[in-house]
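Visitor: To be precise about what I am sending: the file is called work_39.cif and holds mmCIF, N, CA and C atoms.
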data_data
loop_
_atom_site.group_PDB
_atom_site.id
_atom_site.type_symbol
_atom_site.label_atom_id
_atom_site.label_comp_id
_atom_site.auth_asym_id
_atom_site.auth_seq_id
_atom_site.Cartn_x
_atom_site.Cartn_y
_atom_site.Cartn_z
ATOM 1 N N MET A 1 9.475 -64.979 -23.869
ATOM 2 C CA MET A 1 9.106 -63.815 -23.085
ATOM 3 C C MET A 1 9.813 -62.573 -23.629
ATOM 4 N N THR A 2 9.053 -61.535 -23.804
ATOM 5 C CA THR A 2 9.643 -60.254 -24.204
ATOM 6 C C THR A 2 9.549 -59.288 -23.040
ATOM 7 N N GLU A 3 10.602 -58.536 -22.888
ATOM 8 C CA GLU A 3 10.619 -57.551 -21.807
ATOM 9 C C GLU A 3 10.036 -56.241 -22.306
ATOM 10 N N THR A 4 9.280 -55.599 -21.453
ATOM 11 C CA THR A 4 8.707 -54.307 -21.787
ATOM 12 C C THR A 4 9.640 -53.217 -21.286
ATOM 13 N N ALA A 5 9.927 -52.285 -22.156
ATOM 14 C CA ALA A 5 10.818 -51.180 -21.769
ATOM 15 C C ALA A 5 10.117 -50.277 -20.773
ATOM 16 N N ALA A 6 10.888 -49.808 -19.830
ATOM 17 C CA ALA A 6 10.346 -48.867 -18.844
ATOM 18 C C ALA A 6 10.029 -47.553 -19.537
ATOM 19 N N PRO A 7 8.968 -46.878 -19.116
ATOM 20 C CA PRO A 7 8.644 -45.590 -19.741
ATOM 21 C C PRO A 7 9.785 -44.594 -19.551
ATOM 22 N N ALA A 8 10.004 -43.795 -20.568
ATOM 23 C CA ALA A 8 11.076 -42.789 -20.509
ATOM 24 C C ALA A 8 10.750 -41.760 -19.436
ATOM 25 N N LYS A 9 11.769 -41.380 -18.704
ATOM 26 C CA LYS A 9 11.585 -40.356 -17.677
ATOM 27 C C LYS A 9 11.571 -38.989 -18.335
ATOM 28 N N VAL A 10 10.656 -38.165 -17.907
ATOM 29 C CA VAL A 10 10.587 -36.803 -18.413
ATOM 30 C C VAL A 10 11.503 -35.951 -17.550
ATOM 31 N N LYS A 11 12.465 -35.334 -18.190
ATOM 32 C CA LYS A 11 13.417 -34.509 -17.451
ATOM 33 C C LYS A 11 12.833 -33.109 -17.278
ATOM 34 N N GLU A 12 12.697 -32.703 -16.033
ATOM 35 C CA GLU A 12 12.186 -31.370 -15.759
ATOM 36 C C GLU A 12 13.305 -30.353 -15.870
ATOM 37 N N LYS A 13 12.924 -29.152 -16.317
ATOM 38 C CA LYS A 13 13.894 -28.072 -16.435
ATOM 39 C C LYS A 13 14.358 -27.666 -15.037
ATOM 40 N N LYS A 14 15.648 -27.570 -14.882
ATOM 41 C CA LYS A 14 16.218 -27.115 -13.617
ATOM 42 C C LYS A 14 16.012 -25.610 -13.508
ATOM 43 N N ARG A 15 15.575 -25.167 -12.362
ATOM 44 C CA ARG A 15 15.355 -23.733 -12.161
ATOM 45 C C ARG A 15 16.685 -23.015 -12.075
ATOM 46 N N PRO A 16 16.768 -21.826 -12.657
ATOM 47 C CA PRO A 16 18.015 -21.067 -12.581
ATOM 48 C C PRO A 16 18.243 -20.542 -11.171
ATOM 49 N N LYS A 17 19.489 -20.212 -10.860
ATOM 50 C CA LYS A 17 19.804 -19.620 -9.558
ATOM 51 C C LYS A 17 19.440 -18.150 -9.525
ATOM 52 N N LEU A 18 19.397 -17.517 -10.697
ATOM 53 C CA LEU A 18 19.054 -16.102 -10.828
ATOM 54 C C LEU A 18 17.918 -15.945 -11.830
ATOM 55 N N MET A 19 17.121 -14.909 -11.638
ATOM 56 C CA MET A 19 16.036 -14.610 -12.559
ATOM 57 C C MET A 19 16.159 -13.158 -12.991
ATOM 58 N N ALA A 20 16.023 -12.919 -14.283
ATOM 59 C CA ALA A 20 16.083 -11.559 -14.810
ATOM 60 C C ALA A 20 14.777 -10.833 -14.506
ATOM 61 N N VAL A 21 14.905 -9.604 -14.015
ATOM 62 C CA VAL A 21 13.751 -8.766 -13.717
ATOM 63 C C VAL A 21 13.986 -7.398 -14.358
ATOM 64 N N ILE A 22 13.030 -6.943 -15.148
ATOM 65 C CA ILE A 22 13.125 -5.647 -15.813
ATOM 66 C C ILE A 22 12.679 -4.552 -14.854
ATOM 67 N N VAL A 23 13.490 -3.517 -14.709
ATOM 68 C CA VAL A 23 13.099 -2.344 -13.931
ATOM 69 C C VAL A 23 12.341 -1.441 -14.904
ATOM 70 N N GLU A 24 11.027 -1.541 -14.874
ATOM 71 C CA GLU A 24 10.203 -0.907 -15.898
ATOM 72 C C GLU A 24 10.343 0.612 -15.950
ATOM 73 N N GLU A 25 10.638 1.231 -14.831
ATOM 74 C CA GLU A 25 10.768 2.691 -14.812
ATOM 75 C C GLU A 25 11.914 3.168 -15.691
ATOM 76 N N GLY A 26 12.905 2.306 -15.941
ATOM 77 C CA GLY A 26 14.052 2.710 -16.735
ATOM 78 C C GLY A 26 14.091 2.091 -18.121
ATOM 79 N N CYS A 27 13.206 1.152 -18.397
ATOM 80 C CA CYS A 27 13.219 0.445 -19.678
ATOM 81 C C CYS A 27 12.697 1.358 -20.783
ATOM 82 N N THR A 28 13.474 1.440 -21.878
ATOM 83 C CA THR A 28 13.072 2.256 -23.025
ATOM 84 C C THR A 28 12.390 1.433 -24.105
ATOM 85 N N GLY A 29 12.369 0.117 -23.939
ATOM 86 C CA GLY A 29 11.776 -0.742 -24.953
ATOM 87 C C GLY A 29 12.649 -0.920 -26.175
ATOM 88 N N CYS A 30 13.944 -0.689 -26.043
ATOM 89 C CA CYS A 30 14.863 -0.724 -27.185
ATOM 90 C C CYS A 30 15.072 -2.132 -27.746
ATOM 91 N N GLU A 31 14.774 -3.155 -26.973
ATOM 92 C CA GLU A 31 14.852 -4.557 -27.365
ATOM 93 C C GLU A 31 16.271 -5.111 -27.520
ATOM 94 N N VAL A 32 17.279 -4.401 -27.045
ATOM 95 C CA VAL A 32 18.642 -4.936 -27.095
ATOM 96 C C VAL A 32 18.715 -6.242 -26.310
ATOM 97 N N CYS A 33 18.036 -6.307 -25.185
ATOM 98 C CA CYS A 33 18.049 -7.518 -24.363
ATOM 99 C C CYS A 33 17.487 -8.708 -25.136
ATOM 100 N N ILE A 34 16.467 -8.471 -25.943
ATOM 101 C CA ILE A 34 15.874 -9.543 -26.746
ATOM 102 C C ILE A 34 16.905 -10.082 -27.732
ATOM 103 N N ASP A 35 17.670 -9.178 -28.333
ATOM 104 C CA ASP A 35 18.677 -9.589 -29.315
ATOM 105 C C ASP A 35 19.758 -10.482 -28.707
ATOM 106 N N PHE A 36 20.107 -10.254 -27.444
ATOM 107 C CA PHE A 36 21.180 -11.018 -26.812
ATOM 108 C C PHE A 36 20.701 -12.268 -26.086
ATOM 109 N N CYS A 37 19.428 -12.375 -25.822
ATOM 110 C CA CYS A 37 18.908 -13.535 -25.094
ATOM 111 C C CYS A 37 18.986 -14.789 -25.970
ATOM 112 N N PRO A 38 19.591 -15.875 -25.451
ATOM 113 C CA PRO A 38 19.712 -17.094 -26.241
ATOM 114 C C PRO A 38 18.434 -17.937 -26.283
ATOM 115 N N VAL A 39 17.432 -17.570 -25.493
ATOM 116 C CA VAL A 39 16.202 -18.352 -25.423
ATOM 117 C C VAL A 39 15.089 -17.617 -26.179
ATOM 118 N N PRO A 40 14.591 -18.201 -27.261
ATOM 119 C CA PRO A 40 13.517 -17.546 -28.016
ATOM 120 C C PRO A 40 12.295 -17.271 -27.140
ATOM 121 N N GLU A 41 11.738 -16.072 -27.305
ATOM 122 C CA GLU A 41 10.513 -15.647 -26.616
ATOM 123 C C GLU A 41 10.662 -15.530 -25.096
ATOM 124 N N CYS A 42 11.879 -15.498 -24.580
ATOM 125 C CA CYS A 42 12.084 -15.349 -23.140
ATOM 126 C C CYS A 42 11.819 -13.915 -22.686
ATOM 127 N N ILE A 43 12.195 -12.965 -23.525
ATOM 128 C CA ILE A 43 11.932 -11.552 -23.239
ATOM 129 C C ILE A 43 11.008 -11.058 -24.340
ATOM 130 N N VAL A 44 9.895 -10.475 -23.942
ATOM 131 C CA VAL A 44 8.887 -10.069 -24.919
ATOM 132 C C VAL A 44 8.555 -8.586 -24.778
ATOM 133 N N PRO A 45 8.303 -7.914 -25.906
ATOM 134 C CA PRO A 45 7.881 -6.516 -25.826
ATOM 135 C C PRO A 45 6.441 -6.429 -25.321
ATOM 136 N N ILE A 46 6.198 -5.433 -24.520
ATOM 137 C CA ILE A 46 4.865 -5.170 -23.978
ATOM 138 C C ILE A 46 4.464 -3.771 -24.436
ATOM 139 N N ALA A 47 3.330 -3.675 -25.114
ATOM 140 C CA ALA A 47 2.864 -2.373 -25.588
ATOM 141 C C ALA A 47 2.631 -1.445 -24.406
ATOM 142 N N GLY A 48 2.911 -0.203 -24.590
ATOM 143 C CA GLY A 48 2.761 0.782 -23.528
ATOM 144 C C GLY A 48 1.931 1.930 -24.020
ATOM 145 N N PRO A 49 2.041 3.062 -23.418
ATOM 146 C CA PRO A 49 2.976 3.287 -22.312
ATOM 147 C C PRO A 49 2.501 2.637 -21.020
ATOM 148 N N ASP A 50 3.453 2.250 -20.228
ATOM 149 C CA ASP A 50 3.195 1.672 -18.919
ATOM 150 C C ASP A 50 3.090 2.821 -17.924
ATOM 151 N N GLU A 51 2.219 2.695 -16.961
ATOM 152 C CA GLU A 51 2.078 3.772 -15.968
ATOM 153 C C GLU A 51 3.376 4.020 -15.207
ATOM 154 N N ASN A 52 4.235 2.996 -15.102
ATOM 155 C CA ASN A 52 5.522 3.167 -14.437
ATOM 156 C C ASN A 52 6.558 3.835 -15.324
ATOM 157 N N ASN A 53 6.299 3.897 -16.631
ATOM 158 C CA ASN A 53 7.254 4.432 -17.587
ATOM 159 C C ASN A 53 6.491 5.076 -18.752
ATOM 160 N N PRO A 54 5.800 6.173 -18.513
ATOM 161 C CA PRO A 54 4.917 6.745 -19.533
ATOM 162 C C PRO A 54 5.624 7.400 -20.713
ATOM 163 N N LYS A 55 6.939 7.602 -20.653
ATOM 164 C CA LYS A 55 7.652 8.286 -21.725
ATOM 165 C C LYS A 55 7.859 7.417 -22.960
ATOM 166 N N PHE A 56 7.762 6.101 -22.820
ATOM 167 C CA PHE A 56 8.089 5.206 -23.919
ATOM 168 C C PHE A 56 6.877 4.385 -24.345
ATOM 169 N N ALA A 57 6.823 4.079 -25.641
ATOM 170 C CA ALA A 57 5.679 3.377 -26.212
ATOM 171 C C ALA A 57 5.640 1.898 -25.861
ATOM 172 N N GLN A 58 6.741 1.348 -25.401
ATOM 173 C CA GLN A 58 6.741 -0.054 -24.991
ATOM 174 C C GLN A 58 7.824 -0.289 -23.952
ATOM 175 N N THR A 59 7.680 -1.379 -23.254
ATOM 176 C CA THR A 59 8.722 -1.892 -22.369
ATOM 177 C C THR A 59 8.879 -3.371 -22.717
ATOM 178 N N VAL A 60 9.668 -4.085 -21.954
ATOM 179 C CA VAL A 60 9.799 -5.524 -22.159
ATOM 180 C C VAL A 60 9.604 -6.229 -20.827
ATOM 181 N N ARG A 61 9.245 -7.485 -20.899
ATOM 182 C CA ARG A 61 9.127 -8.318 -19.696
ATOM 183 C C ARG A 61 9.785 -9.654 -19.960
ATOM 184 N N VAL A 62 10.187 -10.303 -18.876
ATOM 185 C CA VAL A 62 10.813 -11.621 -18.944
ATOM 186 C C VAL A 62 9.743 -12.677 -18.670
ATOM 187 N N VAL A 63 9.690 -13.684 -19.514
ATOM 188 C CA VAL A 63 8.805 -14.831 -19.277
ATOM 189 C C VAL A 63 9.561 -15.746 -18.322
ATOM 190 N N ASP A 64 9.144 -15.731 -17.068
ATOM 191 C CA ASP A 64 9.936 -16.390 -16.028
ATOM 192 C C ASP A 64 10.087 -17.892 -16.212
ATOM 193 N N ASP A 65 9.145 -18.538 -16.860
ATOM 194 C CA ASP A 65 9.270 -19.978 -17.085
ATOM 195 C C ASP A 65 10.368 -20.308 -18.100
ATOM 196 N N LEU A 66 10.818 -19.308 -18.862
ATOM 197 C CA LEU A 66 11.825 -19.542 -19.893
ATOM 198 C C LEU A 66 13.220 -19.037 -19.519
ATOM 199 N N CYS A 67 13.310 -18.136 -18.565
ATOM 200 C CA CYS A 67 14.600 -17.549 -18.197
ATOM 201 C C CYS A 67 15.538 -18.625 -17.653
ATOM 202 N N ILE A 68 16.780 -18.618 -18.182
ATOM 203 C CA ILE A 68 17.785 -19.581 -17.718
ATOM 204 C C ILE A 68 18.833 -18.933 -16.822
ATOM 205 N N GLY A 69 18.680 -17.629 -16.558
ATOM 206 C CA GLY A 69 19.592 -16.933 -15.645
ATOM 207 C C GLY A 69 20.980 -16.712 -16.208
ATOM 208 N N CYS A 70 21.129 -16.616 -17.510
ATOM 209 C CA CYS A 70 22.459 -16.524 -18.138
ATOM 210 C C CYS A 70 23.117 -15.150 -17.990
ATOM 211 N N ARG A 71 22.348 -14.132 -17.677
ATOM 212 C CA ARG A 71 22.827 -12.764 -17.435
ATOM 213 C C ARG A 71 23.156 -11.975 -18.702
ATOM 214 N N LEU A 72 22.965 -12.541 -19.876
ATOM 215 C CA LEU A 72 23.307 -11.822 -21.100
ATOM 216 C C LEU A 72 22.450 -10.574 -21.284
ATOM 217 N N CYS A 73 21.194 -10.638 -20.914
ATOM 218 C CA CYS A 73 20.329 -9.455 -21.026
ATOM 219 C C CYS A 73 20.831 -8.346 -20.100
ATOM 220 N N GLU A 74 21.173 -8.714 -18.879
ATOM 221 C CA GLU A 74 21.672 -7.743 -17.900
ATOM 222 C C GLU A 74 22.971 -7.097 -18.377
ATOM 223 N N LYS A 75 23.887 -7.899 -18.870
ATOM 224 C CA LYS A 75 25.193 -7.399 -19.299
ATOM 225 C C LYS A 75 25.110 -6.487 -20.516
ATOM 226 N N ASN A 76 24.108 -6.686 -21.360
ATOM 227 C CA ASN A 76 24.030 -5.946 -22.613
ATOM 228 C C ASN A 76 22.983 -4.843 -22.631
ATOM 229 N N CYS A 77 22.222 -4.683 -21.565
ATOM 230 C CA CYS A 77 21.219 -3.612 -21.513
ATOM 231 C C CYS A 77 21.936 -2.261 -21.447
ATOM 232 N N PRO A 78 21.746 -1.403 -22.462
ATOM 233 C CA PRO A 78 22.448 -0.116 -22.454
ATOM 234 C C PRO A 78 21.948 0.838 -21.374
ATOM 235 N N TRP A 79 20.801 0.556 -20.801
ATOM 236 C CA TRP A 79 20.212 1.430 -19.782
ATOM 237 C C TRP A 79 20.387 0.880 -18.378
ATOM 238 N N GLU A 80 20.996 -0.306 -18.248
ATOM 239 C CA GLU A 80 21.220 -0.945 -16.944
ATOM 240 C C GLU A 80 19.931 -1.072 -16.146
ATOM 241 N N THR A 81 18.877 -1.528 -16.817
ATOM 242 C CA THR A 81 17.577 -1.652 -16.160
ATOM 243 C C THR A 81 17.124 -3.099 -15.991
ATOM 244 N N ILE A 82 18.073 -4.021 -15.992
ATOM 245 C CA ILE A 82 17.740 -5.422 -15.749
ATOM 246 C C ILE A 82 18.517 -5.874 -14.522
ATOM 247 N N ASP A 83 17.781 -6.353 -13.539
ATOM 248 C CA ASP A 83 18.396 -6.880 -12.319
ATOM 249 C C ASP A 83 18.331 -8.401 -12.353
ATOM 250 N N MET A 84 19.392 -9.031 -11.898
ATOM 251 C CA MET A 84 19.389 -10.481 -11.733
ATOM 252 C C MET A 84 19.126 -10.753 -10.253
ATOM 253 N N VAL A 85 18.003 -11.374 -9.984
ATOM 254 C CA VAL A 85 17.531 -11.576 -8.620
ATOM 255 C C VAL A 85 17.689 -13.052 -8.245
ATOM 256 N N PRO A 86 18.246 -13.347 -7.061
ATOM 257 C CA PRO A 86 18.319 -14.746 -6.620
ATOM 258 C C PRO A 86 16.927 -15.378 -6.641
ATOM 259 N N ILE A 87 16.841 -16.626 -7.056
ATOM 260 C CA ILE A 87 15.549 -17.279 -7.257
ATOM 261 C C ILE A 87 14.699 -17.300 -5.991
ATOM 262 N N GLU A 88 15.322 -17.416 -4.815
ATOM 263 C CA GLU A 88 14.548 -17.419 -3.568
ATOM 264 C C GLU A 88 13.869 -16.058 -3.359
ATOM 265 N N GLU A 89 14.603 -14.992 -3.622
ATOM 266 C CA GLU A 89 14.038 -13.642 -3.495
ATOM 267 C C GLU A 89 12.950 -13.430 -4.535
ATOM 268 N N TYR A 90 13.195 -13.917 -5.738
ATOM 269 C CA TYR A 90 12.205 -13.801 -6.808
ATOM 270 C C TYR A 90 10.905 -14.488 -6.406
ATOM 271 N N ASP A 91 11.007 -15.700 -5.869
ATOM 272 C CA ASP A 91 9.810 -16.440 -5.460
ATOM 273 C C ASP A 91 9.040 -15.724 -4.360
ATOM 274 N N ARG A 92 9.747 -15.031 -3.480
ATOM 275 C CA ARG A 92 9.087 -14.297 -2.387
ATOM 276 C C ARG A 92 8.451 -12.993 -2.852
ATOM 277 N N ASN A 93 9.113 -12.288 -3.769
ATOM 278 C CA ASN A 93 8.722 -10.913 -4.067
ATOM 279 C C ASN A 93 8.063 -10.673 -5.413
ATOM 280 N N TYR A 94 7.970 -11.688 -6.231
ATOM 281 C CA TYR A 94 7.384 -11.520 -7.558
ATOM 282 C C TYR A 94 6.307 -12.557 -7.771
ATOM 283 N N VAL A 95 5.291 -12.174 -8.516
ATOM 284 C CA VAL A 95 4.191 -13.080 -8.829
ATOM 285 C C VAL A 95 4.122 -13.259 -10.329
ATOM 286 N N LYS A 96 3.511 -14.347 -10.749
ATOM 287 C CA LYS A 96 3.321 -14.556 -12.177
ATOM 288 C C LYS A 96 2.103 -13.747 -12.619
ATOM 289 N N TYR A 97 2.274 -13.027 -13.673
ATOM 290 C CA TYR A 97 1.203 -12.226 -14.259
ATOM 291 C C TYR A 97 1.121 -12.625 -15.718
ATOM 292 N N GLU A 98 0.186 -13.510 -16.036
ATOM 293 C CA GLU A 98 0.041 -14.044 -17.386
ATOM 294 C C GLU A 98 1.351 -14.650 -17.876
ATOM 295 N N GLY A 99 2.038 -15.395 -16.995
ATOM 296 C CA GLY A 99 3.274 -16.065 -17.370
ATOM 297 C C GLY A 99 4.503 -15.179 -17.311
ATOM 298 N N LEU A 100 4.336 -13.928 -16.906
ATOM 299 C CA LEU A 100 5.460 -12.999 -16.882
ATOM 300 C C LEU A 100 5.798 -12.654 -15.447
ATOM 301 N N GLY A 101 7.071 -12.589 -15.145
ATOM 302 C CA GLY A 101 7.506 -12.202 -13.805
ATOM 303 C C GLY A 101 7.261 -10.721 -13.587
ATOM 304 N N THR A 102 6.519 -10.404 -12.575
ATOM 305 C CA THR A 102 6.115 -9.037 -12.328
ATOM 306 C C THR A 102 6.229 -8.749 -10.837
ATOM 307 N N PRO A 103 6.637 -7.531 -10.456
ATOM 308 C CA PRO A 103 6.709 -7.222 -9.032
ATOM 309 C C PRO A 103 5.377 -7.529 -8.332
ATOM 310 N N ALA A 104 5.465 -8.014 -7.119
ATOM 311 C CA ALA A 104 4.265 -8.405 -6.374
ATOM 312 C C ALA A 104 3.305 -7.240 -6.174
ATOM 313 N N ASN A 105 3.817 -6.020 -6.183
ATOM 314 C CA ASN A 105 2.942 -4.862 -5.973
ATOM 315 C C ASN A 105 2.440 -4.261 -7.284
ATOM 316 N N TYR A 106 2.628 -4.983 -8.399
ATOM 317 C CA TYR A 106 2.227 -4.487 -9.719
ATOM 318 C C TYR A 106 0.708 -4.452 -9.834
ATOM 319 N N THR A 107 0.193 -3.397 -10.395
ATOM 320 C CA THR A 107 -1.231 -3.299 -10.681
ATOM 321 C C THR A 107 -1.414 -3.016 -12.155
ATOM 322 N N ALA A 108 -2.209 -3.819 -12.806
ATOM 323 C CA ALA A 108 -2.434 -3.654 -14.249
ATOM 324 C C ALA A 108 -3.584 -2.701 -14.513
#
Any chance you could put this one into structure tokens?

Guide:
Amino acid sequence: MTETAAPAKVKEKKRPKLMAVIVEEGCTGCEVCIDFCPVPECIVPIAGPDENNPKFAQTVRVVDDLCIGCRLCEKNCPWETIDMVPIEEYDRNYVKYEGLGTPANYTA
């Protein structure tokens, strides 16, 4: 008799306690946050100008499924336009917009 190995369990990613949220009105699109983020493609440039920030040609957004809540983007943003929001508040007040965390009142 041979024993059959049990199927490997798929480990789900643990949700972070905090989620990075870009305050688009203050974002200059400088991409410093991208440079400091340890997760590839977690923060992505978005072509602009955005109606919330018409002075700049781009802003950035956080891909909420990839954010680990490490705070490095917040700590290194020279414009202080990244807020770390508790995950419960994020779930209540933000919606997914093409995989990106966006304020619930956002209109594209």

Visitor: Taking the file as shown, what set of residues would the PyMOL selection byres (((chain A and resi 71 and name CA) around 12) and name CA) give back, as a list in words?

Guide: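 After applying the PyMOL selection byres (((chain A and resi 71 and name CA) around 12) and name CA), what remains is Pro16, Lys17, Leu18, Met19, Ala20, Val21, Cys33, Phe36, Cys37, Pro38, Val39, Cys67, Ile68, Gly69, Cys70, Leu72, Cys73, Glu74, Lys75, Asn76, Cys77, Glu80, Ile82, Asp83, Met84, Val85 and Pro86 of chain A.
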
Visitor: Using DSSP on the backbone, list every residue of stretch 32-95 of chain A that comes out as strand (DSSP E or B), and give them as number ranges by chain.

Guide: A: 43-47, 50, 53, 58-63, 82-86, 94-95

Visitor: May I ask which of the residues A:Gly26, A:Ile34, A:Arg61, A:Arg15 is the closest one to A:Asp91, counting only C-alpha atoms?

Guide: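 Of A:Gly26, A:Ile34, A:Arg61, A:Arg15, the one nearest A:Asp91 is A:Arg15, counting only C-alpha atoms.
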
Visitor: In terms of the shortest atom-to-atom distance over only C-alpha atoms, which of A:Val62, A:Gly29, A:Ile22, A:Arg92 is closest to A:Ala47?

Guide: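 Residue with the minimum atom-to-atom distance to A:Ala47: A:Gly29.
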
Visitor: Determine the nearest neighbour of A:Cys30 from the options A:Tyr94, A:Gln58, A:Ile43, A:Glu51, counting only N, CA and C atoms.

Guide: A:Gln58

Visitor: Restricting the calculation to only C-alpha atoms: of A:Glu25, A:Asp35, A:Glu41, A:Asp65, which residue gets closest to A:Lys13?

Guide: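 Of A:Glu25, A:Asp35, A:Glu41, A:Asp65, the one nearest A:Lys13, counting only C-alpha atoms, is A:Asp65.
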
Visitor: In terms of the shortest atom-to-atom distance over all atoms listed in the file, which of A:Glu88, A:Cys42, A:Pro54, A:Trp79 is closest to A:Leu66?

Guide: A:Cys42

Visitor: Quote the spacing between atom CA of A:Glu89 and atom CA of A:Phe56 in Å to one decimal place.

Guide: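 Between these atoms lies a distance of 28.4 Å.
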
Visitor: Atom C of A:Pro40 and atom N of A:Asp64 are how many Å apart?

Guide: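 Between atom C of A:Pro40 and atom N of A:Asp64 the gap is 10.7 Å.
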
Visitor: Taking all atoms of stretch 67-78 of chain A that appear in the file, build a box with edges along x, y and z, extend it by 5 Å on every side, and state its centre and edge lengths in Å to one decimal, as lines of an AutoDock Vina configuration file.

Guide:
center_x = 19.3
center_y = -9.4
center_z = -19.1
size_x = 21.9
size_y = 30.4
size_z = 17.0
